[in-house]
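What's in structure00.cif: mmCIF, C-alpha atoms
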```cif
data_final
#
loop_
_atom_site.label_atom_id
_atom_site.label_comp_id
_atom_site.auth_asym_id
_atom_site.auth_seq_id
_atom_site.Cartn_x
_atom_site.Cartn_y
_atom_site.Cartn_z
CA MET A 1 -23.08 17.42 9.95
CA LEU A 2 -25.22 19.57 7.73
CA VAL A 3 -27.81 17.46 5.90
CA LEU A 4 -29.60 18.80 2.83
CA THR A 5 -32.24 17.17 0.60
CA ARG A 6 -31.72 17.57 -3.15
CA LYS A 7 -33.63 16.35 -6.20
CA LEU A 8 -32.20 15.15 -9.49
CA GLY A 9 -30.49 18.03 -11.27
CA GLU A 10 -30.33 20.20 -8.15
CA SER A 11 -27.04 21.25 -6.67
CA ILE A 12 -25.18 22.50 -3.64
CA ALA A 13 -22.71 25.36 -3.66
CA ILE A 14 -19.74 25.33 -1.29
CA ASP A 15 -18.04 28.70 -0.95
CA ASP A 16 -18.10 30.56 -4.24
CA HIS A 17 -16.22 28.10 -6.35
CA ILE A 18 -17.43 24.58 -5.63
CA LYS A 19 -20.67 23.14 -6.99
CA ILE A 20 -21.96 19.61 -6.48
CA VAL A 21 -24.79 18.46 -8.78
CA VAL A 22 -26.95 15.34 -8.47
CA VAL A 23 -26.50 13.97 -11.99
CA GLN A 24 -28.26 10.63 -11.74
CA ILE A 25 -30.16 8.54 -9.19
CA LYS A 26 -30.37 4.84 -9.90
CA GLY A 27 -31.53 2.49 -7.13
CA LYS A 28 -29.00 2.82 -4.32
CA GLN A 29 -26.51 4.73 -6.45
CA VAL A 30 -26.21 8.47 -6.76
CA ARG A 31 -23.99 10.04 -9.41
CA LEU A 32 -22.56 13.39 -8.42
CA GLY A 33 -20.97 15.97 -10.64
CA ILE A 34 -18.40 18.20 -9.00
CA GLN A 35 -17.30 21.56 -10.32
CA ALA A 36 -14.32 22.93 -8.44
CA PRO A 37 -11.16 24.91 -9.11
CA LYS A 38 -8.44 22.68 -10.55
CA GLU A 39 -6.36 22.97 -7.43
CA THR A 40 -9.05 21.44 -5.21
CA LYS A 41 -8.28 17.86 -4.28
CA ILE A 42 -11.27 15.53 -4.50
CA HIS A 43 -11.06 11.91 -3.40
CA ARG A 44 -13.43 9.05 -2.76
CA GLU A 45 -13.36 8.32 0.98
CA GLU A 46 -12.07 4.80 0.16
CA VAL A 47 -8.76 6.33 -0.89
CA TYR A 48 -8.21 7.47 2.69
CA SER A 49 -9.16 4.10 4.18
CA ALA A 50 -6.82 2.33 1.73
CA ILE A 51 -3.98 4.64 2.83
CA ARG A 52 -4.77 4.14 6.52
CA ASP A 53 -4.79 0.34 6.02
CA GLN A 54 -1.52 0.50 4.12
CA ASN A 55 0.11 2.56 6.89
CA GLN A 56 -1.08 0.01 9.47
CA GLN A 57 0.51 -2.77 7.41
CA ALA A 58 3.71 -0.76 6.98
CA VAL A 59 4.15 -0.45 10.75
CA LYS A 60 3.55 -4.18 11.22
CA SER A 61 6.38 -5.16 8.86
CA PRO A 62 7.89 -8.39 10.18
CA ALA A 63 11.20 -7.90 8.35
CA ALA A 64 14.24 -6.90 10.42
CA VAL A 65 16.37 -4.03 9.13
CA ALA A 66 19.34 -6.39 8.67
CA GLN A 67 17.22 -8.79 6.58
CA VAL A 68 16.05 -5.95 4.37
CA SER A 69 19.59 -4.75 3.68
CA LYS A 70 20.78 -8.30 3.06
CA ALA A 71 18.01 -8.94 0.52
CA LEU A 72 18.71 -5.67 -1.26
CA LYS A 73 22.46 -5.99 -1.35
CA GLY A 74 22.78 -9.75 -1.85
CA MET B 1 16.94 13.39 24.27
CA ILE B 2 17.39 9.65 24.39
CA ILE B 3 14.55 7.64 22.86
CA GLU B 4 13.65 3.97 22.86
CA THR B 5 13.05 2.34 19.49
CA GLY B 6 11.75 -1.12 18.66
CA ARG B 7 14.22 -1.68 15.83
CA PHE B 8 17.35 0.28 16.76
CA GLY B 9 17.51 0.21 20.56
CA GLN B 10 18.27 3.51 22.31
CA LEU B 11 19.10 6.52 20.16
CA THR B 12 19.98 10.11 20.84
CA VAL B 13 17.74 12.57 18.99
CA GLY B 14 18.33 16.32 19.10
CA ASN B 15 16.12 19.21 18.01
CA ASP B 16 17.85 19.32 14.63
CA GLU B 17 16.75 15.75 13.99
CA THR B 18 13.12 16.10 15.04
CA ILE B 19 10.25 16.32 12.53
CA VAL B 20 6.79 17.43 13.60
CA ILE B 21 3.84 15.97 11.69
CA PRO B 22 0.97 18.02 13.15
CA GLN B 23 -1.79 15.77 11.72
CA GLY B 24 0.18 12.56 12.18
CA ILE B 25 0.50 9.79 9.63
CA LEU B 26 -2.95 8.71 8.33
CA GLY B 27 -4.29 6.09 10.73
CA PHE B 28 -1.92 7.26 13.49
CA PRO B 29 -3.13 10.78 14.39
CA GLU B 30 -1.91 10.46 17.98
CA TYR B 31 1.80 10.53 17.08
CA THR B 32 3.15 13.83 15.86
CA ARG B 33 6.87 13.84 16.68
CA PHE B 34 9.30 11.77 14.66
CA CYS B 35 12.91 11.46 13.61
CA LEU B 36 14.49 9.86 10.56
CA ILE B 37 16.95 7.09 11.30
CA ASP B 38 19.67 6.13 8.88
CA PRO B 39 20.68 2.55 9.68
CA ALA B 40 23.90 3.20 7.69
CA ASP B 41 23.31 0.06 5.64
CA ASP B 42 23.64 1.70 2.21
CA THR B 43 20.13 0.73 1.07
CA LEU B 44 18.88 4.37 0.84
CA ILE B 45 15.97 3.30 3.07
CA LEU B 46 15.47 5.54 6.09
CA TRP B 47 13.18 4.80 9.04
CA LEU B 48 10.65 7.33 10.24
CA GLN B 49 10.55 6.65 13.96
CA SER B 50 7.91 8.00 16.34
CA LEU B 51 9.48 9.69 19.36
CA GLU B 52 6.34 8.84 21.31
CA ASN B 53 5.96 5.12 20.60
CA PRO B 54 8.98 2.85 20.04
CA GLN B 55 6.85 0.44 17.95
CA VAL B 56 5.64 3.05 15.47
CA VAL B 57 8.25 3.17 12.71
CA PHE B 58 7.90 3.37 8.92
CA ALA B 59 10.47 2.46 6.30
CA VAL B 60 10.69 5.37 3.86
CA LEU B 61 12.48 5.97 0.60
CA GLU B 62 12.79 8.76 -1.93
CA PRO B 63 10.44 7.63 -4.76
CA LYS B 64 12.65 9.05 -7.52
CA VAL B 65 15.01 6.15 -6.85
CA PHE B 66 12.59 3.74 -8.53
CA ARG B 67 10.27 6.16 -10.36
CA VAL B 68 12.35 8.82 -12.10
CA ASP B 69 9.40 10.89 -13.33
CA TYR B 70 7.63 11.04 -9.95
CA SER B 71 6.20 14.34 -8.83
CA ALA B 72 4.00 15.40 -5.92
CA LYS B 73 1.54 18.14 -6.78
CA LEU B 74 0.37 20.01 -3.70
CA SER B 75 -2.63 22.30 -3.35
CA ALA B 76 -2.26 25.84 -2.02
CA LEU B 77 -3.76 24.66 1.27
CA GLU B 78 -1.25 21.81 1.59
CA LEU B 79 1.63 24.16 0.80
CA ARG B 80 0.35 26.52 3.50
CA GLU B 81 0.00 23.71 6.04
CA LEU B 82 3.60 22.76 5.34
CA LYS B 83 4.68 26.44 5.45
CA LEU B 84 6.34 25.77 2.11
CA ASP B 85 6.80 29.08 0.37
CA ASN B 86 9.71 27.59 -1.55
CA VAL B 87 8.93 24.08 -2.83
CA ASN B 88 12.65 23.50 -3.33
CA GLN B 89 13.21 23.24 0.40
CA SER B 90 11.25 20.01 0.63
CA ALA B 91 11.93 16.32 0.49
CA VAL B 92 9.46 13.66 -0.59
CA LEU B 93 9.47 10.18 0.89
CA SER B 94 7.32 7.16 0.10
CA ILE B 95 6.26 4.91 2.94
CA LEU B 96 7.26 1.32 2.28
CA THR B 97 5.45 -1.84 3.29
CA ILE B 98 7.94 -4.66 3.69
CA PRO B 99 6.31 -8.09 4.05
CA GLU B 100 8.04 -11.28 5.17
CA ASP B 101 9.00 -11.93 1.55
CA ILE B 102 11.15 -8.83 1.18
CA THR B 103 11.10 -9.03 -2.63
CA GLN B 104 7.38 -8.15 -2.42
CA MET B 105 8.02 -4.78 -0.76
CA THR B 106 5.80 -1.95 -1.97
CA ALA B 107 5.89 1.83 -1.87
CA ASN B 108 2.91 4.09 -1.34
CA LEU B 109 3.12 6.52 -4.27
CA LYS B 110 -0.40 7.84 -3.74
CA ALA B 111 0.28 9.34 -0.31
CA PRO B 112 3.89 10.44 0.12
CA LEU B 113 5.34 12.18 3.12
CA VAL B 114 6.35 15.72 2.20
CA VAL B 115 8.92 17.27 4.54
CA ASN B 116 9.67 20.97 4.85
CA LEU B 117 13.40 20.61 5.53
CA LYS B 118 13.83 24.14 6.87
CA GLU B 119 10.83 24.18 9.21
CA GLN B 120 11.20 20.48 10.08
CA ILE B 121 7.51 19.80 9.63
CA ALA B 122 5.89 17.17 7.43
CA LYS B 123 2.54 15.94 6.18
CA GLN B 124 1.32 12.78 4.51
CA VAL B 125 -0.24 14.22 1.37
CA VAL B 126 -2.85 12.41 -0.76
CA LEU B 127 -2.14 13.00 -4.44
CA GLN B 128 -4.85 13.33 -7.05
CA GLU B 129 -3.16 11.20 -9.72
CA ASN B 130 -5.02 7.94 -10.25
CA GLU B 131 -1.98 6.18 -11.71
CA TYR B 132 -0.18 6.38 -8.34
CA SER B 133 -0.90 3.26 -6.34
CA VAL B 134 -0.74 2.79 -2.57
CA LYS B 135 1.03 -0.53 -3.29
CA HIS B 136 3.68 -0.07 -5.96
CA LEU B 137 6.09 -3.02 -6.26
CA MET B 138 9.67 -1.72 -6.40
CA PHE B 139 12.14 -4.23 -4.95
CA LYS B 140 13.76 -5.00 -8.31
CA GLU B 141 14.19 -1.35 -9.27
CA LEU B 142 15.71 -0.46 -5.89
CA LYS B 143 18.08 -3.42 -6.03
CA THR B 144 19.23 -2.50 -9.54
CA HIS B 145 19.72 1.12 -8.49
CA LEU B 146 21.85 0.05 -5.50
CA MET B 147 23.98 -2.18 -7.74
CA THR B 148 24.60 0.75 -10.09
CA ILE B 149 25.63 3.03 -7.22
CA ARG B 150 27.96 0.37 -5.81
CA ALA B 151 29.61 -0.19 -9.17
CA GLN B 152 30.28 3.55 -9.42
CA GLU B 153 31.60 3.86 -5.88
CA ARG B 154 33.70 0.73 -5.75
CA ALA B 155 36.94 2.61 -6.40
CA GLY B 156 36.71 4.87 -3.35
CA ALA B 157 35.14 2.48 -0.85
CA ALA B 158 36.03 3.65 2.64
CA ALA B 159 35.23 2.00 5.96
CA GLU B 160 31.89 3.49 6.95
CA ASP B 161 30.28 4.15 10.28
CA VAL B 162 27.68 1.39 10.61
CA VAL B 163 25.90 2.67 13.71
CA PRO B 164 22.25 3.69 13.15
CA SER B 165 21.79 7.37 13.89
CA ALA B 166 19.16 10.08 13.54
CA VAL B 167 19.54 12.34 10.50
CA ALA B 168 19.78 16.12 10.79
CA ILE B 169 16.69 17.22 8.83
CA ARG B 170 18.22 20.38 7.31
CA ASP B 171 21.08 18.29 5.89
CA ILE B 172 18.74 16.14 3.78
CA PRO B 173 19.10 17.10 0.12
CA PRO B 174 15.87 18.56 -1.30
CA SER B 175 13.99 16.22 -3.67
CA LEU B 176 12.86 18.83 -6.19
CA THR B 177 9.78 16.64 -6.55
CA VAL B 178 7.11 18.92 -5.11
CA LYS B 179 5.12 21.07 -7.49
CA PRO B 180 2.24 23.44 -6.83
CA LEU B 181 -1.09 22.17 -8.16
CA MET B 182 -1.98 25.00 -10.52
CA ALA B 183 -5.29 25.92 -12.05
#
```
Let me see the structure of the file written as structure tokens.
Amino acid sequence: MLVLTRKLGESIAIDDHIKIVVVQIKGKQVRLGIQAPKETKIHREEVYSAIRDQNQQAVKSPAAVAQVSKALKG
Amino acid sequence: MIIETGRFGQLTVGNDETIVIPQGILGFPEYTRFCLIDPADDTLILWLQSLENPQVVFAVLEPKVFRVDYSAKLSALELRELKLDNVNQSAVLSILTIPEDITQMTANLKAPLVVNLKEQIAKQVVLQENEYSVKHLMFKELKTHLMTIRAQERAGAAAEDVVPSAVAIRDIPPSLTVKPLMA
């Protein structure tokens, strides 16, 4: 992983179109501003862990197929 | 080929019924080959079954069934990964989580599975929209929808094949739900 040190107000450019600015530093929190083309998808990493957890739960479903159809059609 | 499944016993799956998910489902990167099983139970729920692990199977459902205005906006990169030059040749499926209390079933609207029906490849895509939850309750809506369909079809009810079988991917109707994420 590339590690860079930045001060408040400084930024990082990724390719030509993406800019990440350190907007605020408060204790253990850092606020980042992100400038990117509209079609770039930007997510907090927690979104991915929530989806992974949800997929794990989906596979563990205890309901049998027949029970599911019965509940839906009953 | 004949595959073992945890929920449906042995099934025959041909090339036409195979979907490749090169990056796997999030949290399950090791499984990349799947098929869609229709249990023929008239619930509209299909089961995305791993061809590599009998226990890895996800209930999936077209989200438009319970969320009419649903759309999946894909970035240029995602469209490329899916080899989707025509978004109208795709289907969108939400992964369902079905707990013991079936009425509490939820759909993952945030990260749907987008399938290129022609190329038979798919990807679990993470959407940008904050209003789409990973746990959207939808039992009531699905049940109501099924009741409406049954009421309409009652006249011509024929004896149906009730054997679970793998679905030919190219025969799945396109969802018309995928849109390019435009600047």
**OP:** Could you check which of A:Ala66, A:Lys73, A:Lys19, A:Asp53 is closest to B:Val162, using only C-alpha atoms?
**Re:** A:Ala66
Original post:
If the PyMOL selection byres ((chain B) within 8 of (chain A)) is run on the structure shown, which residues does it catch, given as a ChimeraX atom specification?
Top reply: /B:7,25-27,39,41-43,55-59,75-76,95-100,102-103,108,111,127-128,134-135,139,142-143,146-147,181-183
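Computed from the coordinates, the atom CA of B:Ile21 to atom CA of B:Ser50 distance equals 10.1 Å.
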Subject >> One-decimal distance in Å that lies between atom CA of B:Pro112 and atom CA of B:Asn86 >> reply: 18.2 Å
**OP:** Find the residues near B:Pro173: any atom within 12 Å, counting only C-alpha atoms, skip ones fewer than 5 places away on the same chain, and give them as an NGL selection string.
**Re:** :B and (62 or 88-93 or 115-118 or 167-168)
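Between B:Leu82 and the candidates B:Leu137, B:Ile149, B:Ile19, B:Ala40, the tightest atom-to-atom separation, counting all atoms listed in the file, involves B:Ile19.
Atom CA of B:Val87 sits 10.1 Å away from atom CA of B:Val114.
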Centre and size of axis-aligned box enclosing stretch 11-17 of chain A plus 4 Å each side, as AutoDock Vina command-line options:
```
--center_x -21.6 --center_y 25.9 --center_z -3.8 --size_x 18.8 --size_y 17.3 --size_z 13.7
```
Original post:
What residues have an atom no more than 7 Å from (-18.7, 23.0, -7.6) in the file's own frame, counting only C-alpha atoms, and can you write them as a VMD selection string?
Top reply: chain A and resid 13 to 14 17 to 20 34 to 36
Residue by residue, what does the PyMOL selection byres ((chain A and resi 31) around 12) grab here? Present the result as a compact mmCIF listing (two decimals) with C-alpha atoms, in the coordinates of the input.
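Result saved to selection.txt:
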```
# COMPACT_ATOMS: atom_id res chain seq x y z
CA LYS A 7 -33.63 16.35 -6.20
CA LEU A 8 -32.20 15.15 -9.49
CA GLY A 9 -30.49 18.03 -11.27
CA SER A 11 -27.04 21.25 -6.67
CA ILE A 20 -21.96 19.61 -6.48
CA VAL A 21 -24.79 18.46 -8.78
CA VAL A 22 -26.95 15.34 -8.47
CA VAL A 23 -26.50 13.97 -11.99
CA GLN A 24 -28.26 10.63 -11.74
CA ILE A 25 -30.16 8.54 -9.19
CA LYS A 26 -30.37 4.84 -9.90
CA GLY A 27 -31.53 2.49 -7.13
CA LYS A 28 -29.00 2.82 -4.32
CA GLN A 29 -26.51 4.73 -6.45
CA VAL A 30 -26.21 8.47 -6.76
CA LEU A 32 -22.56 13.39 -8.42
CA GLY A 33 -20.97 15.97 -10.64
CA ILE A 34 -18.40 18.20 -9.00
```
Subject >> Selection as a ChimeraX atom specification: residues within 12 Å of (16.6, 16.7, 23.8), counting all atoms listed in the file >> reply: /B:1-3,11-18,51
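Residue nearest B:Ser94 within the list B:Leu77, B:Ile169, B:Val60, B:Ala122: B:Val60 [criterion: smallest interatomic distance, only C-alpha atoms].
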Subject >> Closest of B:Val65, B:Leu176, B:Ile45, B:Met138 to B:Ala107 - atom-to-atom distances counting only C-alpha atoms >> reply: B:Met138
Subject >> Answer key for the PyMOL selection byres ((chain B and resi 31) around 8), residues as number ranges by chain >> reply: B: 21, 24-25, 28-30, 32-34, 50, 52-53
